[in-house]
Amino acid sequence: MGTVTPLPLPSRGSQIGFERAELTRILDLYGRMVSAGHWRDYAIELGRDAAVFAAFRRAAERPEFRIEKRPALRARQGMWALVGEHGAVVKRGHELGPVLAPVERRLMKLVE
């Protein structure tokens, strides 16, 4: 039999993540976009500098939108950013709700 070597656990505070309320808000938007037929897949990346939620139209493409949380920018421009498919920042802010507003507007439909 082989030897089992445990993986080193990251030290506390070394990885940025989403809080439960933030992830709930993001996944709620993701679910509505899936039911509207806009998105089909997502990915979450948790790193030392940022936590990123990426939403894809198809799995083989670049993400249509990335929602980034960068706590280091909290005091300056705001820690939340909505990044478009080509890497341009669509919206940046201190609160998650207004940053998600451009995506939520896509779900609105005109009623005659």
# chains A, B, ... in the order shown; residues from 1 in each chain; ligands from 1

$ select_by_dssp --residues "chain A" --states "helix (DSSP H, G or I)" --output "number ranges by chain"
A: 20-35, 71-73, 96-105

$ write_last_selection --atoms "N, CA, C and O atoms" --output "mmCIF file, in the first residue's frame"
data_model
loop_
_atom_site.group_PDB
_atom_site.id
_atom_site.type_symbol
_atom_site.label_atom_id
_atom_site.label_comp_id
_atom_site.auth_asym_id
_atom_site.auth_seq_id
_atom_site.Cartn_x
_atom_site.Cartn_y
_atom_site.Cartn_z
ATOM 1 N N ARG A 20 -21.692 33.761 3.274
ATOM 2 C CA ARG A 20 -22.915 33.056 2.906
ATOM 3 C C ARG A 20 -23.935 33.973 2.230
ATOM 4 O O ARG A 20 -24.523 33.624 1.207
ATOM 5 N N ALA A 21 -24.179 35.165 2.778
ATOM 6 C CA ALA A 21 -25.164 36.096 2.208
ATOM 7 C C ALA A 21 -24.729 36.560 0.814
ATOM 8 O O ALA A 21 -25.574 36.711 -0.081
ATOM 9 N N GLU A 22 -23.443 36.781 0.620
ATOM 10 C CA GLU A 22 -22.943 37.207 -0.690
ATOM 11 C C GLU A 22 -23.129 36.105 -1.724
ATOM 12 O O GLU A 22 -23.620 36.358 -2.829
ATOM 13 N N LEU A 23 -22.760 34.891 -1.356
ATOM 14 C CA LEU A 23 -22.888 33.770 -2.277
ATOM 15 C C LEU A 23 -24.352 33.483 -2.576
ATOM 16 O O LEU A 23 -24.699 33.147 -3.712
ATOM 17 N N THR A 24 -25.219 33.636 -1.590
ATOM 18 C CA THR A 24 -26.653 33.438 -1.813
ATOM 19 C C THR A 24 -27.168 34.437 -2.837
ATOM 20 O O THR A 24 -27.918 34.075 -3.746
ATOM 21 N N ARG A 25 -26.776 35.683 -2.713
ATOM 22 C CA ARG A 25 -27.215 36.733 -3.651
ATOM 23 C C ARG A 25 -26.705 36.443 -5.061
ATOM 24 O O ARG A 25 -27.433 36.583 -6.042
ATOM 25 N N ILE A 26 -25.454 36.027 -5.172
ATOM 26 C CA ILE A 26 -24.865 35.726 -6.482
ATOM 27 C C ILE A 26 -25.519 34.498 -7.106
ATOM 28 O O ILE A 26 -25.869 34.502 -8.295
ATOM 29 N N LEU A 27 -25.715 33.442 -6.328
ATOM 30 C CA LEU A 27 -26.332 32.225 -6.867
ATOM 31 C C LEU A 27 -27.806 32.429 -7.205
ATOM 32 O O LEU A 27 -28.327 31.783 -8.120
ATOM 33 N N ASP A 28 -28.489 33.324 -6.493
ATOM 34 C CA ASP A 28 -29.868 33.654 -6.840
ATOM 35 C C ASP A 28 -29.913 34.302 -8.228
ATOM 36 O O ASP A 28 -30.733 33.941 -9.070
ATOM 37 N N LEU A 29 -29.025 35.247 -8.461
ATOM 38 C CA LEU A 29 -28.936 35.884 -9.778
ATOM 39 C C LEU A 29 -28.564 34.849 -10.837
ATOM 40 O O LEU A 29 -29.150 34.829 -11.931
ATOM 41 N N TYR A 30 -27.622 33.975 -10.526
ATOM 42 C CA TYR A 30 -27.217 32.930 -11.467
ATOM 43 C C TYR A 30 -28.412 32.046 -11.829
ATOM 44 O O TYR A 30 -28.639 31.748 -13.003
ATOM 45 N N GLY A 31 -29.195 31.643 -10.848
ATOM 46 C CA GLY A 31 -30.361 30.799 -11.101
ATOM 47 C C GLY A 31 -31.385 31.474 -11.997
ATOM 48 O O GLY A 31 -31.971 30.848 -12.893
ATOM 49 N N ARG A 32 -31.604 32.770 -11.766
ATOM 50 C CA ARG A 32 -32.549 33.504 -12.615
ATOM 51 C C ARG A 32 -32.028 33.643 -14.040
ATOM 52 O O ARG A 32 -32.789 33.574 -15.007
ATOM 53 N N MET A 33 -30.715 33.836 -14.191
ATOM 54 C CA MET A 33 -30.132 33.944 -15.528
ATOM 55 C C MET A 33 -30.161 32.594 -16.258
ATOM 56 O O MET A 33 -30.341 32.547 -17.469
ATOM 57 N N VAL A 34 -30.002 31.502 -15.530
ATOM 58 C CA VAL A 34 -30.101 30.175 -16.125
ATOM 59 C C VAL A 34 -31.527 29.921 -16.603
ATOM 60 O O VAL A 34 -31.748 29.457 -17.727
ATOM 61 N N SER A 35 -32.509 30.251 -15.767
ATOM 62 C CA SER A 35 -33.907 30.010 -16.156
ATOM 63 C C SER A 35 -34.329 30.902 -17.327
ATOM 64 O O SER A 35 -35.204 30.531 -18.098
ATOM 65 N N PRO A 71 -10.904 42.467 -1.228
ATOM 66 C CA PRO A 71 -10.919 43.258 0.005
ATOM 67 C C PRO A 71 -9.806 44.304 0.092
ATOM 68 O O PRO A 71 -9.944 45.294 0.798
ATOM 69 N N ALA A 72 -8.713 44.139 -0.615
ATOM 70 C CA ALA A 72 -7.633 45.128 -0.579
ATOM 71 C C ALA A 72 -8.074 46.476 -1.143
ATOM 72 O O ALA A 72 -7.520 47.507 -0.797
ATOM 73 N N LEU A 73 -9.100 46.489 -2.007
ATOM 74 C CA LEU A 73 -9.600 47.722 -2.612
ATOM 75 C C LEU A 73 -10.778 48.311 -1.846
ATOM 76 O O LEU A 73 -11.401 49.251 -2.319
ATOM 77 N N LEU A 96 -22.533 44.939 -2.937
ATOM 78 C CA LEU A 96 -22.739 43.939 -3.973
ATOM 79 C C LEU A 96 -23.964 44.240 -4.830
ATOM 80 O O LEU A 96 -23.926 44.076 -6.043
ATOM 81 N N GLY A 97 -25.050 44.708 -4.239
ATOM 82 C CA GLY A 97 -26.296 44.943 -4.969
ATOM 83 C C GLY A 97 -26.151 45.857 -6.175
ATOM 84 O O GLY A 97 -26.530 45.477 -7.295
ATOM 85 N N PRO A 98 -25.639 47.074 -5.998
ATOM 86 C CA PRO A 98 -25.481 47.959 -7.155
ATOM 87 C C PRO A 98 -24.509 47.432 -8.211
ATOM 88 O O PRO A 98 -24.655 47.739 -9.388
ATOM 89 N N VAL A 99 -23.547 46.628 -7.811
ATOM 90 C CA VAL A 99 -22.600 46.065 -8.775
ATOM 91 C C VAL A 99 -23.291 45.024 -9.655
ATOM 92 O O VAL A 99 -22.991 44.898 -10.843
ATOM 93 N N LEU A 100 -24.270 44.306 -9.102
ATOM 94 C CA LEU A 100 -24.992 43.295 -9.873
ATOM 95 C C LEU A 100 -26.126 43.890 -10.707
ATOM 96 O O LEU A 100 -26.700 43.201 -11.549
ATOM 97 N N ALA A 101 -26.454 45.163 -10.510
ATOM 98 C CA ALA A 101 -27.590 45.797 -11.183
ATOM 99 C C ALA A 101 -27.531 45.713 -12.713
ATOM 100 O O ALA A 101 -28.561 45.443 -13.334
ATOM 101 N N PRO A 102 -26.381 45.922 -13.380
ATOM 102 C CA PRO A 102 -26.379 45.809 -14.846
ATOM 103 C C PRO A 102 -26.781 44.424 -15.350
ATOM 104 O O PRO A 102 -27.411 44.305 -16.396
ATOM 105 N N VAL A 103 -26.445 43.391 -14.610
ATOM 106 C CA VAL A 103 -26.832 42.034 -15.011
ATOM 107 C C VAL A 103 -28.316 41.822 -14.732
ATOM 108 O O VAL A 103 -29.026 41.224 -15.548
ATOM 109 N N GLU A 104 -28.805 42.312 -13.603
ATOM 110 C CA GLU A 104 -30.217 42.144 -13.268
ATOM 111 C C GLU A 104 -31.119 42.886 -14.246
ATOM 112 O O GLU A 104 -32.240 42.462 -14.489
ATOM 113 N N ARG A 105 -30.636 43.994 -14.811
ATOM 114 C CA ARG A 105 -31.429 44.729 -15.802
ATOM 115 C C ARG A 105 -31.700 43.901 -17.036
ATOM 116 O O ARG A 105 -32.689 44.113 -17.719
#

$ residues_around --residues "range 45-61 of chain A" --least-positions-apart "3" --cutoff "8 Å" --atoms "only C-alpha atoms" --output "list in words"
Ser14, Gln15, Ile16, Gly17, Phe18, Tyr30, His38, Trp39, Arg40, Asp41, Tyr42, Glu64, Phe65, Arg66, Ile67, Glu68, Lys69, Arg70, Pro71 and Ala72 of chain A

$ write_last_selection --atoms "N, CA and C atoms" --output "mmCIF file, in the first residue's frame"
data_model
loop_
_atom_site.group_PDB
_atom_site.id
_atom_site.type_symbol
_atom_site.label_atom_id
_atom_site.label_comp_id
_atom_site.auth_asym_id
_atom_site.auth_seq_id
_atom_site.Cartn_x
_atom_site.Cartn_y
_atom_site.Cartn_z
ATOM 1 N N SER A 14 -5.416 33.508 4.672
ATOM 2 C CA SER A 14 -4.623 33.548 3.461
ATOM 3 C C SER A 14 -5.471 33.403 2.202
ATOM 4 N N GLN A 15 -6.738 33.023 2.366
ATOM 5 C CA GLN A 15 -7.597 32.818 1.207
ATOM 6 C C GLN A 15 -8.843 33.686 1.335
ATOM 7 N N ILE A 16 -9.186 34.398 0.262
ATOM 8 C CA ILE A 16 -10.377 35.227 0.230
ATOM 9 C C ILE A 16 -11.542 34.351 -0.218
ATOM 10 N N GLY A 17 -12.688 34.523 0.420
ATOM 11 C CA GLY A 17 -13.875 33.756 0.043
ATOM 12 C C GLY A 17 -15.119 34.616 0.114
ATOM 13 N N PHE A 18 -16.224 34.033 -0.311
ATOM 14 C CA PHE A 18 -17.517 34.705 -0.236
ATOM 15 C C PHE A 18 -18.196 34.344 1.077
ATOM 16 N N TYR A 30 -27.622 33.975 -10.526
ATOM 17 C CA TYR A 30 -27.217 32.930 -11.467
ATOM 18 C C TYR A 30 -28.412 32.046 -11.829
ATOM 19 N N HIS A 38 -29.796 32.636 -20.357
ATOM 20 C CA HIS A 38 -28.588 33.403 -20.636
ATOM 21 C C HIS A 38 -27.315 32.659 -20.251
ATOM 22 N N TRP A 39 -27.308 31.993 -19.108
ATOM 23 C CA TRP A 39 -26.104 31.330 -18.610
ATOM 24 C C TRP A 39 -26.337 29.837 -18.493
ATOM 25 N N ARG A 40 -25.232 29.079 -18.594
ATOM 26 C CA ARG A 40 -25.336 27.623 -18.479
ATOM 27 C C ARG A 40 -24.351 27.007 -17.496
ATOM 28 N N ASP A 41 -23.313 27.740 -17.140
ATOM 29 C CA ASP A 41 -22.293 27.156 -16.278
ATOM 30 C C ASP A 41 -21.641 28.255 -15.450
ATOM 31 N N TYR A 42 -20.979 27.857 -14.367
ATOM 32 C CA TYR A 42 -20.260 28.828 -13.542
ATOM 33 C C TYR A 42 -19.019 28.193 -12.953
ATOM 34 N N GLU A 64 -18.893 35.219 -19.478
ATOM 35 C CA GLU A 64 -19.599 36.426 -19.911
ATOM 36 C C GLU A 64 -19.407 37.537 -18.888
ATOM 37 N N PHE A 65 -19.501 37.178 -17.608
ATOM 38 C CA PHE A 65 -19.270 38.127 -16.519
ATOM 39 C C PHE A 65 -18.475 37.452 -15.423
ATOM 40 N N ARG A 66 -17.632 38.249 -14.756
ATOM 41 C CA ARG A 66 -16.947 37.802 -13.546
ATOM 42 C C ARG A 66 -17.320 38.763 -12.434
ATOM 43 N N ILE A 67 -17.695 38.222 -11.293
ATOM 44 C CA ILE A 67 -17.981 39.021 -10.109
ATOM 45 C C ILE A 67 -16.793 38.819 -9.174
ATOM 46 N N GLU A 68 -16.046 39.886 -8.941
ATOM 47 C CA GLU A 68 -14.806 39.787 -8.168
ATOM 48 C C GLU A 68 -14.943 40.500 -6.829
ATOM 49 N N LYS A 69 -14.423 39.867 -5.806
ATOM 50 C CA LYS A 69 -14.352 40.455 -4.465
ATOM 51 C C LYS A 69 -12.879 40.604 -4.115
ATOM 52 N N ARG A 70 -12.432 41.861 -4.005
ATOM 53 C CA ARG A 70 -11.038 42.164 -3.665
ATOM 54 C C ARG A 70 -11.015 43.053 -2.430
ATOM 55 N N PRO A 71 -10.904 42.467 -1.228
ATOM 56 C CA PRO A 71 -10.919 43.258 0.005
ATOM 57 C C PRO A 71 -9.806 44.304 0.092
ATOM 58 N N ALA A 72 -8.713 44.139 -0.615
ATOM 59 C CA ALA A 72 -7.633 45.128 -0.579
ATOM 60 C C ALA A 72 -8.074 46.476 -1.143
#

$ select_by_dssp --residues "range 46-101 of chain A" --states "strand (DSSP E or B)" --output "compact mmCIF listing (two decimals) with N, CA, C and O atoms, in the first residue's frame"
# COMPACT_ATOMS: atom_id res chain seq x y z
N LEU A 46 -11.13 30.85 -5.61
CA LEU A 46 -10.80 31.48 -4.34
C LEU A 46 -9.28 31.56 -4.24
O LEU A 46 -8.59 30.55 -4.27
N ALA A 51 -11.66 36.67 -4.61
CA ALA A 51 -12.60 35.58 -4.83
C ALA A 51 -13.38 35.96 -6.08
O ALA A 51 -13.87 37.08 -6.20
N VAL A 52 -13.49 35.02 -7.03
CA VAL A 52 -14.10 35.32 -8.32
C VAL A 52 -15.19 34.31 -8.62
O VAL A 52 -14.97 33.10 -8.50
N PHE A 53 -16.38 34.82 -9.01
CA PHE A 53 -17.47 33.99 -9.51
C PHE A 53 -17.59 34.31 -10.98
O PHE A 53 -17.83 35.45 -11.36
N ALA A 54 -17.41 33.31 -11.85
CA ALA A 54 -17.47 33.51 -13.29
C ALA A 54 -18.69 32.79 -13.84
O ALA A 54 -18.94 31.63 -13.51
N ALA A 55 -19.47 33.47 -14.69
CA ALA A 55 -20.67 32.90 -15.30
C ALA A 55 -20.45 32.77 -16.81
O ALA A 55 -19.98 33.70 -17.46
N PHE A 56 -20.79 31.60 -17.33
CA PHE A 56 -20.53 31.28 -18.73
C PHE A 56 -21.82 31.06 -19.50
O PHE A 56 -22.78 30.50 -18.97
N PHE A 65 -19.50 37.18 -17.61
CA PHE A 65 -19.27 38.13 -16.52
C PHE A 65 -18.47 37.45 -15.42
O PHE A 65 -18.62 36.25 -15.19
N ARG A 66 -17.63 38.25 -14.76
CA ARG A 66 -16.95 37.80 -13.55
C ARG A 66 -17.32 38.76 -12.43
O ARG A 66 -17.25 39.98 -12.60
N ILE A 67 -17.70 38.22 -11.29
CA ILE A 67 -17.98 39.02 -10.11
C ILE A 67 -16.79 38.82 -9.17
O ILE A 67 -16.56 37.70 -8.71
N GLU A 68 -16.05 39.89 -8.94
CA GLU A 68 -14.81 39.79 -8.17
C GLU A 68 -14.94 40.50 -6.83
O GLU A 68 -15.48 41.60 -6.76
N LYS A 69 -14.42 39.87 -5.81
CA LYS A 69 -14.35 40.46 -4.46
C LYS A 69 -12.88 40.60 -4.12
O LYS A 69 -12.17 39.61 -3.98
N TRP A 80 -15.97 45.27 -4.64
CA TRP A 80 -16.73 44.49 -5.62
C TRP A 80 -16.52 45.04 -7.01
O TRP A 80 -16.49 46.25 -7.22
N ALA A 81 -16.40 44.15 -7.98
CA ALA A 81 -16.26 44.56 -9.38
C ALA A 81 -16.99 43.57 -10.28
O ALA A 81 -16.96 42.36 -10.04
N LEU A 82 -17.67 44.10 -11.28
CA LEU A 82 -18.30 43.30 -12.32
C LEU A 82 -17.46 43.49 -13.57
O LEU A 82 -17.33 44.60 -14.08
N VAL A 83 -16.86 42.39 -14.04
CA VAL A 83 -15.93 42.45 -15.16
C VAL A 83 -16.57 41.76 -16.35
O VAL A 83 -17.09 40.64 -16.23
N VAL A 89 -13.88 46.50 -16.79
CA VAL A 89 -14.71 46.62 -15.59
C VAL A 89 -15.99 47.34 -15.97
O VAL A 89 -15.98 48.47 -16.44
N VAL A 90 -17.13 46.65 -15.79
CA VAL A 90 -18.44 47.20 -16.11
C VAL A 90 -18.92 48.09 -14.97
O VAL A 90 -19.44 49.18 -15.19
N LYS A 91 -18.75 47.62 -13.74
CA LYS A 91 -19.23 48.36 -12.57
C LYS A 91 -18.35 47.99 -11.39
O LYS A 91 -17.92 46.85 -11.25
N ARG A 92 -18.08 48.97 -10.54
CA ARG A 92 -17.28 48.76 -9.34
C ARG A 92 -17.98 49.46 -8.19
O ARG A 92 -18.58 50.51 -8.38
N GLY A 93 -17.90 48.89 -6.98
CA GLY A 93 -18.54 49.55 -5.86
C GLY A 93 -18.24 48.91 -4.52
O GLY A 93 -17.58 47.87 -4.43

$ atom_distance --atom1 "CA of Pro63 in chain A" --atom2 "CA of Met79 in chain A"
19.9 Å

$ atom_distance --atom1 "CA of His94 in chain A" --atom2 "CA of Glu19 in chain A"
15.0 Å

$ atom_distance --atom1 "CA of His86 in chain A" --atom2 "CA of Ala43 in chain A"
16.9 Å
